[in-house]
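As stored in input_28.pdb (PDB, C-alpha atoms):
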ATOM      1  CA  MET A   1     -14.767 -11.702 -11.485
ATOM      2  CA  LYS A   2     -11.869 -11.933  -9.043
ATOM      3  CA  ARG A   3     -11.883 -11.427  -5.301
ATOM      4  CA  PHE A   4      -9.370  -8.833  -4.057
ATOM      5  CA  VAL A   5      -8.334  -8.897  -0.396
ATOM      6  CA  LEU A   6      -7.029  -5.531   0.829
ATOM      7  CA  ILE A   7      -4.637  -5.008   3.754
ATOM      8  CA  SER A   8      -2.057  -2.499   4.943
ATOM      9  CA  ASP A   9       0.069  -1.726   7.989
ATOM     10  CA  THR A  10       0.469  -5.253   9.268
ATOM     11  CA  HIS A  11       3.710  -4.237  11.070
ATOM     12  CA  ASN A  12       4.983  -7.806  11.512
ATOM     13  CA  THR A  13       1.642  -9.106  12.707
ATOM     14  CA  GLU A  14       0.153 -12.106  10.909
ATOM     15  CA  PRO A  15      -3.601 -11.583  10.763
ATOM     16  CA  PRO A  16      -5.926 -14.261   9.390
ATOM     17  CA  LEU A  17      -7.081 -13.453   5.878
ATOM     18  CA  PRO A  18     -10.201 -14.417   3.936
ATOM     19  CA  LYS A  19      -9.908 -16.369   0.713
ATOM     20  CA  GLY A  20      -9.445 -14.562  -2.561
ATOM     21  CA  GLU A  21      -7.514 -14.473  -5.801
ATOM     22  CA  VAL A  22      -5.487 -11.252  -5.372
ATOM     23  CA  LEU A  23      -3.960  -9.940  -2.141
ATOM     24  CA  ILE A  24      -3.028  -6.256  -2.052
ATOM     25  CA  HIS A  25      -0.807  -4.856   0.701
ATOM     26  CA  ALA A  26      -0.446  -1.052   0.868
ATOM     27  CA  GLY A  27       2.801  -0.960   2.833
ATOM     28  CA  ASP A  28       4.298  -1.034   6.322
ATOM     29  CA  LEU A  29       4.920  -4.744   6.366
ATOM     30  CA  THR A  30       7.386  -4.195   9.218
ATOM     31  CA  LYS A  31       7.420  -2.355  12.513
ATOM     32  CA  ASN A  32      10.951  -0.946  12.455
ATOM     33  CA  GLY A  33      12.160  -1.920   9.002
ATOM     34  CA  GLY A  34      15.313  -3.913   9.790
ATOM     35  CA  ARG A  35      16.385  -6.866   7.694
ATOM     36  CA  LYS A  36      15.263  -9.526  10.182
ATOM     37  CA  GLN A  37      11.803  -7.956  10.458
ATOM     38  CA  THR A  38      11.647  -7.678   6.664
ATOM     39  CA  GLU A  39      12.553 -11.332   6.244
ATOM     40  CA  ALA A  40       9.917 -12.329   8.803
ATOM     41  CA  ALA A  41       7.277 -10.224   7.042
ATOM     42  CA  MET A  42       8.212 -11.698   3.665
ATOM     43  CA  ARG A  43       7.995 -15.247   5.013
ATOM     44  CA  TRP A  44       4.401 -14.473   5.985
ATOM     45  CA  ILE A  45       3.747 -12.856   2.616
ATOM     46  CA  GLY A  46       5.206 -15.954   0.983
ATOM     47  CA  GLU A  47       2.755 -18.129   2.900
ATOM     48  CA  GLN A  48      -0.080 -15.977   1.579
ATOM     49  CA  ALA A  49       1.301 -16.268  -1.944
ATOM     50  CA  GLN A  50       0.619 -20.005  -1.747
ATOM     51  CA  LYS A  51      -3.066 -19.245  -1.105
ATOM     52  CA  PHE A  52      -3.586 -16.402  -3.589
ATOM     53  CA  GLU A  53      -3.012 -16.283  -7.329
ATOM     54  CA  TRP A  54      -1.185 -12.964  -6.930
ATOM     55  CA  VAL A  55       0.182 -10.771  -4.163
ATOM     56  CA  VAL A  56       0.828  -7.111  -5.023
ATOM     57  CA  PHE A  57       2.459  -4.762  -2.508
ATOM     58  CA  VAL A  58       4.196  -1.427  -2.025
ATOM     59  CA  GLY A  59       6.547  -0.295   0.708
ATOM     60  CA  GLY A  60       5.570   1.982   3.561
ATOM     61  CA  ASN A  61       7.346   4.555   5.677
ATOM     62  CA  HIS A  62       8.437   1.877   8.192
ATOM     63  CA  ASP A  63       9.940  -0.396   5.526
ATOM     64  CA  PHE A  64      13.481   0.984   5.632
ATOM     65  CA  PHE A  65      15.188  -2.161   4.340
ATOM     66  CA  PHE A  66      13.295  -1.988   1.047
ATOM     67  CA  TYR A  67      13.787   1.776   0.894
ATOM     68  CA  HIS A  68      17.568   1.684   1.276
ATOM     69  CA  LEU A  69      17.935  -1.352  -0.983
ATOM     70  CA  SER A  70      16.010   0.431  -3.719
ATOM     71  CA  ARG A  71      17.869   3.723  -3.294
ATOM     72  CA  GLU A  72      21.328   2.144  -3.207
ATOM     73  CA  MET A  73      20.970  -0.714  -5.706
ATOM     74  CA  GLY A  74      17.803   0.002  -7.655
ATOM     75  CA  VAL A  75      14.268  -1.297  -7.622
ATOM     76  CA  ASN A  76      15.300  -4.558  -9.305
ATOM     77  CA  ALA A  77      17.378  -5.375  -6.223
ATOM     78  CA  VAL A  78      14.171  -5.301  -4.188
ATOM     79  CA  ARG A  79      12.559  -7.642  -6.697
ATOM     80  CA  GLU A  80      15.501 -10.022  -6.442
ATOM     81  CA  PHE A  81      15.122 -10.033  -2.664
ATOM     82  CA  VAL A  82      11.370 -10.686  -2.935
ATOM     83  CA  ARG A  83      11.468 -13.350  -5.664
ATOM     84  CA  PRO A  84      12.458 -16.370  -3.514
ATOM     85  CA  TYR A  85       9.328 -15.878  -1.403
ATOM     86  CA  GLY A  86       7.043 -16.431  -4.401
ATOM     87  CA  GLU A  87       7.113 -15.945  -8.157
ATOM     88  CA  ASN A  88       3.582 -14.547  -7.932
ATOM     89  CA  ILE A  89       4.576 -11.691  -5.596
ATOM     90  CA  ILE A  90       4.767  -8.294  -7.317
ATOM     91  CA  TYR A  91       6.529  -5.305  -5.736
ATOM     92  CA  LEU A  92       5.542  -1.897  -7.126
ATOM     93  CA  GLU A  93       7.439   1.359  -6.730
ATOM     94  CA  ASP A  94       5.721   4.053  -8.793
ATOM     95  CA  GLU A  95       4.822   1.442 -11.397
ATOM     96  CA  LEU A  96       1.937  -0.155 -13.246
ATOM     97  CA  THR A  97       1.121  -3.848 -13.511
ATOM     98  CA  THR A  98      -1.811  -5.854 -14.811
ATOM     99  CA  VAL A  99      -3.018  -8.698 -12.610
ATOM    100  CA  ALA A 100      -6.143 -10.803 -13.060
ATOM    101  CA  GLY A 101      -7.273  -8.422 -15.775
ATOM    102  CA  ALA A 102      -6.968  -5.369 -13.471
ATOM    103  CA  ARG A 103      -4.661  -2.414 -14.100
ATOM    104  CA  ILE A 104      -2.923  -1.691 -10.785
ATOM    105  CA  TYR A 105      -0.554   1.174 -10.017
ATOM    106  CA  GLY A 106       1.388   1.329  -6.765
ATOM    107  CA  SER A 107       3.539   3.894  -4.957
ATOM    108  CA  PRO A 108       5.120   3.968  -1.475
ATOM    109  CA  ALA A 109       5.283   7.789  -1.363
ATOM    110  CA  GLN A 110       3.753   9.953   1.332
ATOM    111  CA  PRO A 111       4.130  13.542   2.570
ATOM    112  CA  GLU A 112       7.182  14.248   4.694
ATOM    113  CA  PHE A 113       6.836  13.203   8.326
ATOM    114  CA  CYS A 114       9.916  13.099  10.562
ATOM    115  CA  ASP A 115      12.660  11.080   8.850
ATOM    116  CA  TRP A 116      10.755   8.045   7.583
ATOM    117  CA  ALA A 117      11.173   6.147   4.318
ATOM    118  CA  TRP A 118       9.759   7.438   1.030
ATOM    119  CA  ASN A 119       9.055  10.913   2.403
ATOM    120  CA  TYR A 120       8.505  13.785  -0.014
ATOM    121  CA  ARG A 121       7.898  17.442   0.716
ATOM    122  CA  ARG A 122       4.334  18.580   0.216
ATOM    123  CA  GLY A 123       3.685  20.592  -2.906
ATOM    124  CA  ALA A 124       5.819  20.426  -6.038
ATOM    125  CA  GLU A 125       8.123  17.602  -4.885
ATOM    126  CA  ILE A 126       5.430  15.034  -4.180
ATOM    127  CA  ARG A 127       3.325  16.296  -7.087
ATOM    128  CA  LYS A 128       6.018  14.978  -9.434
ATOM    129  CA  VAL A 129       5.464  11.509  -7.974
ATOM    130  CA  TRP A 130       1.692  11.601  -8.371
ATOM    131  CA  ASP A 131       1.921  13.024 -11.894
ATOM    132  CA  LYS A 132       3.197   9.588 -12.946
ATOM    133  CA  ILE A 133      -0.129   7.932 -12.081
ATOM    134  CA  PRO A 134      -1.803   6.901 -15.355
ATOM    135  CA  ASN A 135      -5.468   7.091 -16.283
ATOM    136  CA  ASP A 136      -7.775   4.088 -16.748
ATOM    137  CA  LEU A 137      -6.782   2.370 -13.517
ATOM    138  CA  ASP A 138      -8.767  -0.288 -11.768
ATOM    139  CA  VAL A 139      -6.729  -0.078  -8.554
ATOM    140  CA  LEU A 140      -4.457   2.620  -7.153
ATOM    141  CA  ILE A 141      -2.273   1.618  -4.216
ATOM    142  CA  SER A 142      -0.584   4.330  -2.186
ATOM    143  CA  HIS A 143       0.788   3.985   1.299
ATOM    144  CA  GLY A 144      -0.934   7.089   2.615
ATOM    145  CA  PRO A 145      -4.382   8.620   2.057
ATOM    146  CA  PRO A 146      -5.400  11.606  -0.020
ATOM    147  CA  MET A 147      -6.328  14.772   1.808
ATOM    148  CA  GLY A 148      -9.767  14.682   3.368
ATOM    149  CA  ILE A 149     -10.431  10.963   2.952
ATOM    150  CA  LEU A 150     -10.010   8.598   5.924
ATOM    151  CA  ASP A 151      -7.061  10.669   7.118
ATOM    152  CA  TRP A 152      -8.002  11.965  10.583
ATOM    153  CA  VAL A 153      -5.328  11.965  13.301
ATOM    154  CA  GLY A 154      -6.981  13.498  16.340
ATOM    155  CA  ASN A 155      -8.586  16.670  15.054
ATOM    156  CA  GLN A 156      -6.239  17.032  12.086
ATOM    157  CA  ARG A 157      -6.441  15.811   8.530
ATOM    158  CA  VAL A 158      -3.037  14.626   7.381
ATOM    159  CA  GLY A 159      -3.651  13.223   3.900
ATOM    160  CA  CYS A 160      -1.837  14.438   0.818
ATOM    161  CA  GLU A 161      -3.345  17.374  -1.073
ATOM    162  CA  GLU A 162      -1.508  16.535  -4.295
ATOM    163  CA  LEU A 163      -2.603  12.901  -4.121
ATOM    164  CA  ARG A 164      -6.225  14.033  -3.827
ATOM    165  CA  ILE A 165      -5.800  16.059  -7.018
ATOM    166  CA  ALA A 166      -4.207  13.080  -8.786
ATOM    167  CA  VAL A 167      -7.017  10.737  -7.731
ATOM    168  CA  GLU A 168      -9.621  13.196  -8.985
ATOM    169  CA  ARG A 169      -7.741  13.333 -12.287
ATOM    170  CA  THR A 170      -7.223   9.601 -12.794
ATOM    171  CA  LYS A 171     -10.473   8.305 -11.229
ATOM    172  CA  PRO A 172      -9.403   4.752 -10.283
ATOM    173  CA  ARG A 173     -12.186   2.324  -9.415
ATOM    174  CA  LEU A 174     -10.482   1.478  -6.112
ATOM    175  CA  HIS A 175      -7.947   3.439  -4.093
ATOM    176  CA  VAL A 176      -6.274   1.335  -1.403
ATOM    177  CA  PHE A 177      -4.051   2.850   1.296
ATOM    178  CA  GLY A 178      -3.235   2.697   5.004
ATOM    179  CA  HIS A 179      -0.698   4.644   7.067
ATOM    180  CA  ILE A 180      -3.363   6.276   9.260
ATOM    181  CA  HIS A 181      -4.204   3.506  11.710
ATOM    182  CA  SER A 182      -6.996   5.443  13.394
ATOM    183  CA  ALA A 183      -9.084   5.214  10.210
ATOM    184  CA  GLY A 184      -8.320   1.549   9.578
ATOM    185  CA  GLY A 185     -11.044  -0.753   8.339
ATOM    186  CA  GLN A 186     -13.058   2.085   6.841
ATOM    187  CA  THR A 187     -14.261   2.756   3.313
ATOM    188  CA  ARG A 188     -15.814   5.702   1.529
ATOM    189  CA  LYS A 189     -17.070   6.308  -1.992
ATOM    190  CA  ILE A 190     -16.623   9.602  -3.815
ATOM    191  CA  GLY A 191     -17.727   9.764  -7.410
ATOM    192  CA  ASN A 192     -16.691   6.579  -9.168
ATOM    193  CA  THR A 193     -13.867   5.786  -6.737
ATOM    194  CA  GLN A 194     -14.192   3.585  -3.672
ATOM    195  CA  PHE A 195     -11.567   4.425  -1.048
ATOM    196  CA  TYR A 196     -10.271   1.821   1.409
ATOM    197  CA  ASN A 197      -8.119   2.477   4.449
ATOM    198  CA  ALA A 198      -6.866  -1.080   4.763
ATOM    199  CA  SER A 199      -4.785  -0.679   7.941
ATOM    200  CA  ILE A 200      -4.886  -3.843  10.008
ATOM    201  CA  VAL A 201      -3.431  -2.554  13.296
ATOM    202  CA  ASP A 202      -4.540   0.247  15.600
ATOM    203  CA  GLU A 203      -2.329   3.018  16.956
ATOM    204  CA  GLY A 204      -0.931   0.588  19.530
ATOM    205  CA  TYR A 205       0.183  -1.754  16.715
ATOM    206  CA  LYS A 206      -2.290  -4.446  17.717
ATOM    207  CA  VAL A 207      -4.488  -6.172  15.144
ATOM    208  CA  ALA A 208      -7.796  -4.325  15.289
ATOM    209  CA  TYR A 209      -9.372  -4.437  11.829
ATOM    210  CA  ASN A 210     -10.298  -7.124   9.336
ATOM    211  CA  ALA A 211      -9.017  -7.312   5.806
ATOM    212  CA  GLN A 212     -11.410  -5.761   3.314
ATOM    213  CA  VAL A 213     -12.779  -7.732   0.397
ATOM    214  CA  VAL A 214     -13.788  -6.505  -3.063
ATOM    215  CA  ASP A 215     -15.074  -8.471  -6.029
ATOM    216  CA  LEU A 216     -13.710  -6.817  -9.140
TER
END

Let's see the structure in the file written out as structure tokens.
Amino acid sequence: MKRFVLISDTHNTEPPLPKGEVLIHAGDLTKNGGRKQTEAAMRWIGEQAQKFEWVVFVGGNHDFFFYHLSREMGVNAVREFVRPYGENIIYLEDELTTVAGARIYGSPAQPEFCDWAWNYRRGAEIRKVWDKIPNDLDVLISHGPPMGILDWVGNQRVGCEELRIAVERTKPRLHVFGHIHSAGGQTRKIGNTQFYNASIVDEGYKVAYNAQVVDL
């Protein structure tokens, strides 16, 4: 059994974390996504990589440096940027990895909102992204939530309808996401899947929620 520590939406904050073997970050490491903020966030991630056996993360809509680097030079360019911060840090962009015996799939995608990074139009466009999610997952990491699950903003639900369909199809044991700060620190179980909104900051970008911990 391994202890997984779940976080998201740190936005250049450096919250204290509990001990564990695997750290998962569901995106939005930075506040505005510039290179200096990205380097600062990765220095903190690198410090965590010295405490955990593995760190697995995806980008979020604020993480423009990773987004443009990937789009212009390919996903391996992001990995080359990340590597000096720790050989045990894994960046996922619509990809599968196996860590500590767990099958983990990660994606930075979310439904279109203004002109942020990794935006896809609702419907057929984003469905193509979620169709890549394989079955038999232990952990699914997406930046945003599925429709109807820990996705309230005011009186509106803003999660992704196509992601909800994909989760119901693939049935991961854990689904970790963030993006919606107002639902941070919350968890919900539906069927065999436990959902975690792992946002760390509130809507004012101040640390408001603790990391969540799962023994898997």

With 8 Å as the cut-off and only C-alpha atoms counted, what is the closest atom pair between each nearby residue of region 25-93 of chain A and region 155-179 of chain A? Distances in Å to one decimal, ordered by chain and number, as a Markdown table.
| residue | atom | partner | partner_atom | distance |
| --- | --- | --- | --- | --- |
| A:Ala26 | CA | A:Phe177 | CA | 5.3 |
| A:Gly27 | CA | A:Gly178 | CA | 7.4 |
| A:Asp28 | CA | A:His179 | CA | 7.6 |
| A:Gly60 | CA | A:His179 | CA | 7.7 |

(request) Could you give me, as number ranges by chain, the residues within 12 Å of Cys114 (chain A), counting all atoms listed in the file and dropping anything in the same chain fewer than 5 positions from it? (result) A: 61-62, 119-121

(request) For region 78-82 of chain A, work out the shell of residues within 8 Å, counting only C-alpha atoms and skipping chain neighbours fewer than 3 positions away, then give it as a PyMOL selection string. (result) chain A and resi 42+66+69-70+74-75+85-86+89-91

(message) List the spatial neighbours of Leu6 (chain A) as a list in words - criterion: any atom at most 8 Å away, all atoms listed in the file, same-chain residues fewer than 4 positions off excluded.
(response)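 Counting only the stated atoms, we get Leu23, Ile24, His25, Ala26, Val176, Ala198, Ala211, Gln212, Val213 and Val214 of chain A.
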
(request) Between A:Met147, A:Gln186, A:Gly101, A:Lys19, single out the one closest to Arg122 (chain A), counting all atoms listed in the file. (result)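 Answer, going by the shortest atom-to-atom distance: A:Met147.
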
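The spacing separating CA of Gly106 (chain A) from CA of Pro145 (chain A) amounts to 12.8 Å.
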
(message) What does the structure give for the distance between CA of Tyr209 (chain A) and CA of Leu150 (chain A), in Å to one decimal?
(response)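 Calculated distance between CA of Tyr209 (chain A) and CA of Leu150 (chain A) is 14.3 Å.
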
(request) Determine the nearest neighbour of Thr98 (chain A) from the options A:Val22, A:Met73, A:Ala41, A:Leu29, counting all atoms listed in the file. (result)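 The answer is A:Val22, which sits nearest to Thr98 (chain A).
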